[in-house]
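Structure file entry-v1.txt; described as compact mmCIF, C-alpha atoms.
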```
# COMPACT_ATOMS: atom_id res chain seq x y z
CA MET A 750 0.00 0.00 0.00
CA VAL A 751 1.30 3.32 -1.00
CA ARG A 752 0.88 6.27 1.35
CA LYS A 753 0.21 9.58 -0.27
CA THR A 754 2.13 12.53 0.83
CA VAL A 755 0.40 15.83 0.90
CA SER A 756 2.62 18.79 0.08
CA SER A 757 3.26 21.04 2.93
CA GLU A 758 1.49 24.33 3.26
CA HIS A 759 3.63 27.29 3.91
CA SER A 760 2.30 29.69 6.46
CA PRO A 761 3.97 32.94 7.44
CA HIS A 762 5.18 33.32 11.02
CA LEU A 763 6.73 36.26 12.83
CA ASP A 764 9.88 36.00 15.00
CA SER A 765 10.59 37.97 18.22
CA LYS A 766 11.48 41.06 16.17
CA GLY A 767 8.55 40.94 13.83
CA ARG A 768 10.31 39.45 10.81
CA SER A 769 8.64 36.86 8.60
CA VAL A 770 9.85 33.28 8.94
CA ARG A 771 8.59 30.50 6.67
CA THR A 772 8.06 27.13 8.27
CA ALA A 773 7.06 23.90 6.59
CA LYS A 774 4.16 21.89 7.92
CA SER A 775 4.37 18.27 6.96
CA TYR A 776 1.68 15.66 7.14
CA GLY A 777 1.99 11.93 6.90
CA GLY A 778 5.04 11.03 4.87
CA GLY A 779 6.41 14.50 5.37
CA GLN A 780 6.68 13.87 9.07
CA ALA A 781 8.45 10.62 8.43
CA GLU A 782 10.86 12.39 6.11
CA GLU A 783 11.54 14.97 8.81
CA GLU A 784 12.30 12.21 11.28
CA ARG A 785 14.55 10.51 8.72
CA LYS A 786 16.51 13.64 7.97
CA GLY A 787 16.87 14.54 11.61
CA PRO A 788 15.55 17.39 13.73
CA ARG A 789 15.36 20.80 12.16
CA VAL A 790 15.94 23.85 14.33
CA THR A 791 14.71 27.12 13.00
CA ARG A 792 16.16 30.43 14.34
CA SER A 793 15.08 33.85 13.31
CA GLY A 794 17.00 35.55 10.51
CA ALA A 795 20.74 35.29 10.24
CA ASN A 796 21.16 34.47 13.95
CA ALA A 797 19.78 30.92 13.57
CA SER A 798 22.03 28.34 15.18
CA SER A 799 21.76 24.92 16.73
CA SER A 800 21.71 24.33 20.44
CA ALA A 801 24.94 22.42 20.10
CA GLY A 802 26.97 25.33 18.69
CA ASP A 803 26.98 28.11 16.13
CA PHE A 804 25.80 26.00 13.14
CA VAL A 805 23.52 27.98 10.80
CA ASP A 806 20.83 26.18 8.82
CA ALA A 807 20.74 27.81 5.40
CA ARG A 808 17.16 26.66 4.92
CA GLY A 809 16.12 28.97 7.72
CA LEU A 810 17.59 32.09 6.13
CA ASP A 811 15.27 34.65 4.61
CA ALA A 812 15.75 34.50 0.83
CA SER A 813 14.26 37.90 0.39
CA GLU A 814 17.24 39.46 2.28
CA SER A 815 20.57 39.80 0.54
CA VAL A 816 23.83 38.65 2.08
CA ASP A 817 25.08 42.21 2.47
CA GLU A 818 21.88 43.20 4.24
CA ARG A 819 22.13 40.23 6.60
CA VAL A 820 25.77 41.03 7.43
CA ALA A 821 24.99 44.70 8.02
CA ARG A 822 22.05 43.79 10.23
CA SER A 823 24.08 41.22 12.18
CA LEU A 824 26.75 43.78 12.98
CA HIS A 825 24.17 45.81 14.85
CA GLU A 826 22.21 42.94 16.36
CA GLU A 827 22.59 41.67 19.90
CA SER A 828 20.92 38.54 21.19
CA TYR A 829 20.39 37.45 24.76
CA GLU A 830 20.90 33.88 25.90
CA GLY A 831 18.57 34.24 28.84
CA GLU A 832 16.83 36.65 31.10
CA GLY A 833 19.32 38.82 32.98
CA SER A 834 22.23 37.59 30.86
CA ARG A 835 24.77 39.83 29.11
CA PRO A 836 24.28 40.59 25.39
CA VAL A 837 26.11 38.43 22.88
CA ALA A 838 27.38 39.78 19.55
CA GLY A 839 25.57 38.94 16.41
CA LEU A 840 26.60 36.40 13.82
CA PHE A 841 29.05 38.80 12.30
CA THR A 842 31.01 40.86 14.81
CA ARG A 843 32.77 44.06 13.86
CA PRO A 844 36.47 43.68 14.76
CA LYS A 845 37.98 46.08 17.28
CA VAL A 846 40.15 48.63 15.56
CA VAL A 847 43.38 49.42 17.47
CA ASP A 848 44.83 52.87 17.05
CA PHE A 849 48.56 52.14 17.32
CA THR A 850 49.48 55.82 17.41
CA ALA A 851 47.23 56.43 20.42
CA ARG A 852 48.49 53.24 22.04
CA LEU A 853 52.10 54.40 21.56
CA LYS A 854 51.26 57.76 23.12
CA GLU A 855 49.69 55.99 26.09
CA ARG A 856 52.76 53.84 26.59
CA ARG A 857 55.06 56.86 26.34
CA LYS A 858 52.91 58.72 28.82
CA ALA A 859 52.97 55.78 31.23
CA GLY A 860 56.77 55.47 30.88
CA LEU A 861 57.20 59.19 31.49
CA TYR A 862 55.00 58.95 34.59
CA ARG A 863 57.08 56.07 35.96
CA SER A 864 60.32 57.95 35.27
CA LEU A 865 59.01 61.08 36.98
CA THR A 866 57.91 59.00 39.97
CA ARG A 867 61.36 57.43 40.32
CA VAL A 868 63.09 60.80 39.98
CA SER A 869 60.76 62.31 42.57
CA ILE A 870 61.51 59.50 45.03
CA VAL A 871 65.29 59.84 44.53
CA VAL A 872 65.22 63.63 44.83
CA GLY A 873 62.98 63.48 47.90
CA THR A 874 65.20 60.92 49.61
CA ALA A 875 68.35 62.92 48.86
CA ALA A 876 66.73 66.08 50.17
CA LEU A 877 65.66 64.33 53.36
CA VAL A 878 69.15 62.92 53.94
CA ALA A 879 70.71 66.34 53.31
CA LEU A 880 68.31 67.93 55.77
CA VAL A 881 69.12 65.37 58.47
CA VAL A 882 72.88 65.79 57.91
CA TRP A 883 72.57 69.57 58.11
CA LEU A 884 70.50 69.40 61.32
CA LEU A 885 72.89 66.98 63.04
CA PHE A 886 76.28 68.32 61.95
CA PHE A 887 76.00 71.91 60.73
CA SER A 888 73.05 73.57 62.43
CA ALA A 889 72.93 75.01 65.94
CA VAL A 890 70.80 72.13 67.23
CA PHE A 891 73.82 70.23 68.66
CA ARG A 892 76.48 72.96 68.55
CA PHE A 893 79.13 72.65 71.28
CA GLU A 894 79.18 75.86 73.31
CA ILE A 895 81.91 77.04 75.71
CA SER A 896 79.23 77.86 78.24
CA GLY A 897 78.34 74.15 78.33
CA ILE A 898 81.75 73.03 79.67
CA GLN A 899 81.73 71.60 83.19
CA VAL A 900 84.92 70.67 85.10
CA VAL A 901 84.75 68.37 88.12
CA GLY A 902 87.73 67.51 90.34
CA ALA A 903 90.00 70.53 89.83
CA ASN A 904 91.94 71.95 92.77
CA GLN A 905 94.35 74.78 93.49
CA TRP A 906 97.10 72.87 91.75
CA VAL A 907 95.11 71.96 88.63
CA SER A 908 93.24 74.94 87.25
CA SER A 909 89.73 74.39 85.92
CA ASN A 910 90.33 77.29 83.52
CA GLU A 911 93.20 75.40 81.94
CA VAL A 912 91.01 72.33 81.54
CA SER A 913 88.20 74.41 80.02
CA ALA A 914 90.64 76.01 77.59
CA ILE A 915 91.54 72.58 76.24
CA ALA A 916 87.90 71.60 75.72
CA SER A 917 87.01 74.96 74.15
CA ARG A 918 89.32 74.25 71.22
CA GLN A 919 86.52 72.18 69.72
CA SER A 920 83.73 74.68 70.42
CA GLY A 921 81.49 75.58 67.50
CA LYS A 922 81.43 72.03 66.19
CA SER A 923 78.48 69.73 66.34
CA LEU A 924 78.61 67.82 69.61
CA LEU A 925 78.44 64.66 67.50
CA LEU A 926 81.82 65.57 65.96
CA VAL A 927 83.57 66.55 69.20
CA SER A 928 86.31 64.05 70.12
CA THR A 929 86.11 63.19 73.82
CA GLN A 930 89.18 60.99 73.42
CA THR A 931 91.25 63.99 72.33
CA ILE A 932 90.03 66.03 75.31
CA GLU A 933 90.81 63.20 77.73
CA SER A 934 94.35 62.73 76.42
CA GLN A 935 95.11 66.47 76.47
CA VAL A 936 93.68 67.04 79.95
CA GLY A 937 95.39 63.89 81.24
CA ALA A 938 98.73 65.33 80.12
CA LEU A 939 98.35 68.34 82.42
CA PRO A 940 100.65 68.39 85.47
CA GLY A 941 98.88 67.06 88.55
CA VAL A 942 96.16 65.18 86.60
CA THR A 943 96.19 61.42 87.04
CA THR A 944 92.97 60.53 85.21
CA ALA A 945 90.48 62.42 83.03
CA GLN A 946 87.12 61.46 81.58
CA ALA A 947 85.00 63.51 79.16
CA GLU A 948 81.24 62.99 78.77
CA LYS A 949 78.97 64.69 76.24
CA LEU A 950 75.95 66.53 77.63
CA PHE A 951 73.46 66.97 74.81
CA PRO A 952 72.58 69.25 73.24
CA HIS A 953 75.46 71.73 73.85
CA GLY A 954 77.80 70.72 76.69
CA ILE A 955 80.60 68.47 77.97
CA ARG A 956 81.44 67.35 81.50
CA ILE A 957 85.13 66.69 82.27
CA THR A 958 85.78 64.69 85.41
CA LEU A 959 89.39 64.48 86.54
CA LYS A 960 91.42 63.23 89.45
CA SER A 961 93.95 65.78 90.62
CA GLU A 962 96.90 64.98 92.81
CA LYS A 963 98.61 67.24 95.26
CA PRO A 964 102.19 68.25 94.49
CA ALA A 965 104.70 65.53 95.19
CA ALA A 966 107.03 68.25 96.54
CA VAL A 967 107.84 71.92 96.42
CA LEU A 968 111.18 72.95 94.97
CA LYS A 969 112.72 75.75 96.99
CA SER A 970 115.42 77.55 95.05
CA SER A 971 118.24 79.57 96.59
CA ASP A 972 116.34 82.80 95.94
CA GLY A 973 113.47 81.54 98.11
CA LYS A 974 111.01 80.94 95.27
CA LEU A 975 108.67 78.00 95.70
CA THR A 976 107.55 75.84 92.78
CA ALA A 977 105.12 72.95 93.15
CA VAL A 978 105.86 69.91 91.02
CA ASP A 979 104.16 66.54 90.54
CA SER A 980 105.70 63.07 90.74
CA GLU A 981 107.07 63.40 87.20
CA GLY A 982 108.73 66.75 87.85
CA ARG A 983 106.11 68.80 85.98
CA ILE A 984 105.43 72.29 87.29
CA LEU A 985 101.98 72.94 88.76
CA ASN A 986 100.38 76.29 89.48
CA THR A 987 102.37 79.01 91.17
CA VAL A 988 102.26 78.65 94.96
CA THR A 989 102.88 80.80 98.00
CA ALA A 990 104.23 79.94 101.41
CA ALA A 991 100.70 79.58 102.75
CA THR A 992 99.74 76.90 100.22
CA VAL A 993 102.71 74.58 100.74
CA LYS A 994 101.88 73.57 104.27
CA GLY A 995 102.10 69.79 104.60
CA ILE A 996 103.95 69.43 101.28
CA PRO A 997 107.60 68.20 101.41
CA GLU A 998 110.23 70.71 100.30
CA ILE A 999 113.35 69.98 98.33
CA GLU A 1000 116.10 72.58 98.31
CA VAL A 1001 117.72 73.17 94.95
CA GLU A 1002 120.11 75.78 93.59
CA THR A 1003 117.88 76.82 90.71
CA LEU A 1004 114.50 75.67 89.47
CA LYS A 1005 115.97 74.63 86.11
CA ASN A 1006 118.67 72.50 87.74
CA GLY A 1007 116.15 70.96 90.10
CA LEU A 1008 113.81 69.88 87.27
CA THR A 1009 116.63 68.16 85.38
CA ASP A 1010 118.49 66.64 88.34
CA SER A 1011 118.17 62.81 88.40
CA ALA A 1012 118.43 62.78 92.21
CA VAL A 1013 115.48 65.17 92.49
CA LYS A 1014 113.44 62.99 90.12
CA GLN A 1015 114.11 59.92 92.30
CA ALA A 1016 113.12 61.90 95.41
CA LEU A 1017 109.84 62.97 93.78
CA LYS A 1018 108.92 59.35 93.05
CA VAL A 1019 109.65 58.34 96.66
CA LEU A 1020 107.62 61.22 98.08
CA ALA A 1021 104.67 60.62 95.73
CA SER A 1022 104.40 57.01 96.92
CA LEU A 1023 104.24 57.81 100.62
CA PRO A 1024 100.90 57.85 102.47
CA GLU A 1025 99.44 61.29 103.15
CA SER A 1026 99.95 60.97 106.92
CA MET A 1027 103.70 60.44 106.47
CA ARG A 1028 104.02 63.11 103.78
CA GLN A 1029 102.52 65.76 106.04
CA SER A 1030 104.99 64.90 108.81
CA ILE A 1031 108.07 65.27 106.58
CA THR A 1032 110.05 68.38 107.47
CA LYS A 1033 113.08 68.00 105.26
CA VAL A 1034 114.13 66.19 102.10
CA THR A 1035 117.68 65.85 100.81
CA ALA A 1036 118.70 64.38 97.49
CA LYS A 1037 122.46 64.70 97.10
CA THR A 1038 122.62 61.63 94.86
CA GLN A 1039 119.97 59.43 93.28
CA ASP A 1040 120.92 56.59 95.64
CA SER A 1041 120.76 58.63 98.86
CA ILE A 1042 117.23 60.04 99.08
CA THR A 1043 116.65 61.00 102.72
CA THR A 1044 113.62 62.35 104.56
CA VAL A 1045 113.30 63.76 108.06
CA ILE A 1046 110.04 62.93 109.86
CA GLY A 1047 108.56 64.74 112.86
CA SER A 1048 111.01 67.53 113.69
CA SER A 1049 114.12 65.38 113.38
CA LYS A 1050 112.62 62.53 115.33
CA TYR A 1051 113.35 60.00 112.58
CA THR A 1052 115.66 60.14 109.60
CA ILE A 1053 114.82 57.66 106.85
CA VAL A 1054 117.35 56.81 104.16
CA TRP A 1055 115.43 55.42 101.16
CA GLY A 1056 118.24 55.04 98.69
CA ASP A 1057 116.60 55.22 95.22
CA ALA A 1058 112.98 54.76 94.15
CA SER A 1059 113.19 50.98 93.65
CA GLN A 1060 111.24 48.45 95.80
CA LEU A 1061 109.23 51.24 97.36
CA GLU A 1062 106.38 49.02 98.58
CA LEU A 1063 108.78 46.78 100.48
CA LYS A 1064 110.73 49.73 101.86
CA LYS A 1065 107.56 51.43 103.13
CA ALA A 1066 106.45 48.23 104.87
CA VAL A 1067 109.83 47.85 106.61
CA VAL A 1068 109.88 51.48 107.74
CA ASP A 1069 106.34 51.25 109.07
CA LYS A 1070 107.17 48.10 111.01
CA ILE A 1071 110.33 49.57 112.57
CA ILE A 1072 109.18 53.04 113.61
CA ASN A 1073 105.89 51.74 115.04
CA ASP A 1074 107.54 48.98 117.10
CA SER A 1075 109.30 50.43 120.15
CA SER A 1076 111.12 47.15 120.79
CA LYS A 1077 112.90 47.55 117.46
CA ILE A 1078 113.45 51.27 117.18
CA GLY A 1079 114.16 51.88 120.85
CA SER A 1080 116.02 55.15 121.28
CA LYS A 1081 117.49 55.07 117.81
CA HIS A 1082 116.49 57.67 115.22
CA ASN A 1083 118.08 56.64 111.95
CA VAL A 1084 116.64 53.94 109.69
CA ASP A 1085 118.38 52.93 106.44
CA VAL A 1086 116.22 50.85 104.08
CA SER A 1087 118.23 51.36 100.91
CA ALA A 1088 118.62 47.56 101.15
CA PRO A 1089 115.15 46.68 102.46
CA LEU A 1090 115.94 43.05 103.26
CA ARG A 1091 118.79 44.19 105.54
CA PRO A 1092 117.63 47.41 107.17
CA ILE A 1093 120.07 49.31 109.37
CA ILE A 1094 118.95 51.05 112.54
CA HIS A 1095 121.32 53.33 114.41
```

Could you render the structure from this file as structure tokens?
Amino acid sequence: MVRKTVSSEHSPHLDSKGRSVRTAKSYGGGQAEEERKGPRVTRSGANASSSAGDFVDARGLDASESVDERVARSLHEESYEGEGSRPVAGLFTRPKVVDFTARLKERRKAGLYRSLTRVSIVVGTAALVALVVWLLFFSAVFRFEISGIQVVGANQWVSSNEVSAIASRQSGKSLLLVSTQTIESQVGALPGVTTAQAEKLFPHGIRITLKSEKPAAVLKSSDGKLTAVDSEGRILNTVTAATVKGIPEIEVETLKNGLTDSAVKQALKVLASLPESMRQSITKVTAKTQDSITTVIGSSKYTIVWGDASQLELKKAVVDKIINDSSKIGSKHNVDVSAPLRPIIH
């Protein structure tokens, strides 16, 4: 039996934008033919595509519209895949035109901006460093002033003015550049100074703490002039008769000869090592030779022959033992410790 196929009737339909779309309605055998050929998907206009991709069925295209018209229309069309979705370009998408001249200008502008930023950072950093250096080392913020000098430990033999004069040589500098080591060495070299320590007092001052010794002896020249000297034979401040009380005297012909005499130098070392109680009781010192240093203690009560300045600690211990032990000294007044292991008492 042969089934008759009725030709399909073509009825006009409108798509979502009001354009006419022709669809074929098949009956009987036509439906079977559709099933045999596979499913047909019809999309409006030039945007027709299958659900599996961007395949376009040419049978769904409007023959009344030329290719150029479809391309022009597609360039301006936008379709939406779903509600709330972003628009998708039409079948034919106009390519983006890149203006290389404008792009080059943008790149040059960006490079210039980066270069200016780097230069600004370098210049700003250099300016900041220069400002800090100027504030610390050249401005008046930390300038060392003479009025900021403090001297602690000076006495009548070591003048504080002399110490201040040494420190003031560095005045006007930044306190950060002032050398305390230089001040300590120069002050320590002064006669009568045994130790010196300099401490910076920010922002403008320095404190100098020193240990001053009393004169080891006073040199009395033949003209009656008195000169105080330390244990190394260095001259201290000028003295008067009232200021030498309790300080041993050494008679010399002239001050110049006394400062260069080796016997006087040995006597100064002996006197400087004696305890203060014994030094104050010394009434006379003779130094005819460097091996015959002699002191008279307590108004000629005891005469001590020290010899030279060697083994002073042992000699002092022997003298202290003898003169403080009546069973040893008895009525004798002379003690010779030039050979401390064999002292002579007579």

Kindly provide the residues of segment 936-1028 of chain A that approach segment 883-891 of chain A to within 8 Å, each paired with its closest atom pair and their distance in Å to one decimal, based on all atoms listed in the file, listed by chain and increasing number, as a Markdown table.
```
| residue | atom | partner | partner_atom | distance |
| --- | --- | --- | --- | --- |
| A:Phe951 | CA | A:Phe891 | CA | 7.0 |
| A:Pro952 | CA | A:Phe891 | CA | 4.8 |
| A:His953 | CA | A:Phe891 | CA | 5.6 |
```

Can those selected residues be exported to a file as a PDB file, in the frame of the given file so that it contains C-alpha atoms?
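Produced file out.pdb, reproduced below:
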```pdb
ATOM      1  CA  PHE A 951      73.460  66.970  74.810  1.00  0.00           C
ATOM      2  CA  PRO A 952      72.580  69.250  73.240  1.00  0.00           C
ATOM      3  CA  HIS A 953      75.460  71.730  73.850  1.00  0.00           C
TER       4      HIS A 953
END
```

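We find atom CA of Ile870 of chain A and atom CA of Leu925 of chain A to be spaced 28.6 Å apart.
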
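Residues of protein, DNA and RNA with at least one atom no farther than 10 Å from (105.2, 57.4, 98.1) are, using all atoms listed in the file, Ala965, Ser980, Ala1016, Leu1017, Lys1018, Val1019, Leu1020, Ala1021, Ser1022, Leu1023, Pro1024, Glu1025, Met1027, Arg1028, Ala1058, Leu1061, Glu1062 and Lys1065 of chain A.
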
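Between atom CA of Val1045 of chain A and atom CA of Ile996 of chain A there is a distance of 12.9 Å.
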
### Task
Tell me which protein, DNA and RNA residues are within 12 Å of Glu998 of chain A, counting all atoms listed in the file, leaving out same-chain ones fewer than 5 positions away, and put them as an NGL selection string.
:A and (964-970 or 973-978 or 990 or 993 or 1007 or 1013 or 1016-1017 or 1020 or 1028-1036 or 1043-1045)

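Taking only C-alpha atoms, the non-local environment of Val1067 of chain A within 12 Å (same-chain residues fewer than 2 positions away omitted) comprises Ile1053, Val1054, Trp1055, Gln1060, Leu1061, Glu1062, Leu1063, Lys1064, Lys1065, Asp1069, Lys1070, Ile1071, Ile1072, Asn1073, Asp1074, Lys1077, Ile1078, Val1084, Asp1085, Val1086, Ser1087, Ala1088, Pro1089, Leu1090, Arg1091, Pro1092, Ile1093 and Ile1094 of chain A.
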
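The two atoms in question, atom CA of Ser920 of chain A and atom CA of Glu962 of chain A, are spaced 27.7 Å apart.
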
### Message
Taking all atoms listed in the file into account, name the residue in A:Asp1010, A:Asp979, A:Gly937, A:Gly902 that is nearest to Thr958 of chain A.
### Response
A:Gly902

### Query
Using only C-alpha atoms, which residues sit within 9 Å of Ile915 of chain A once same-chain residues fewer than 3 positions away are excluded, as a list in words?
Asn910, Glu911, Val912, Arg918, Gln919, Ile932, Gln935 and Val936 of chain A
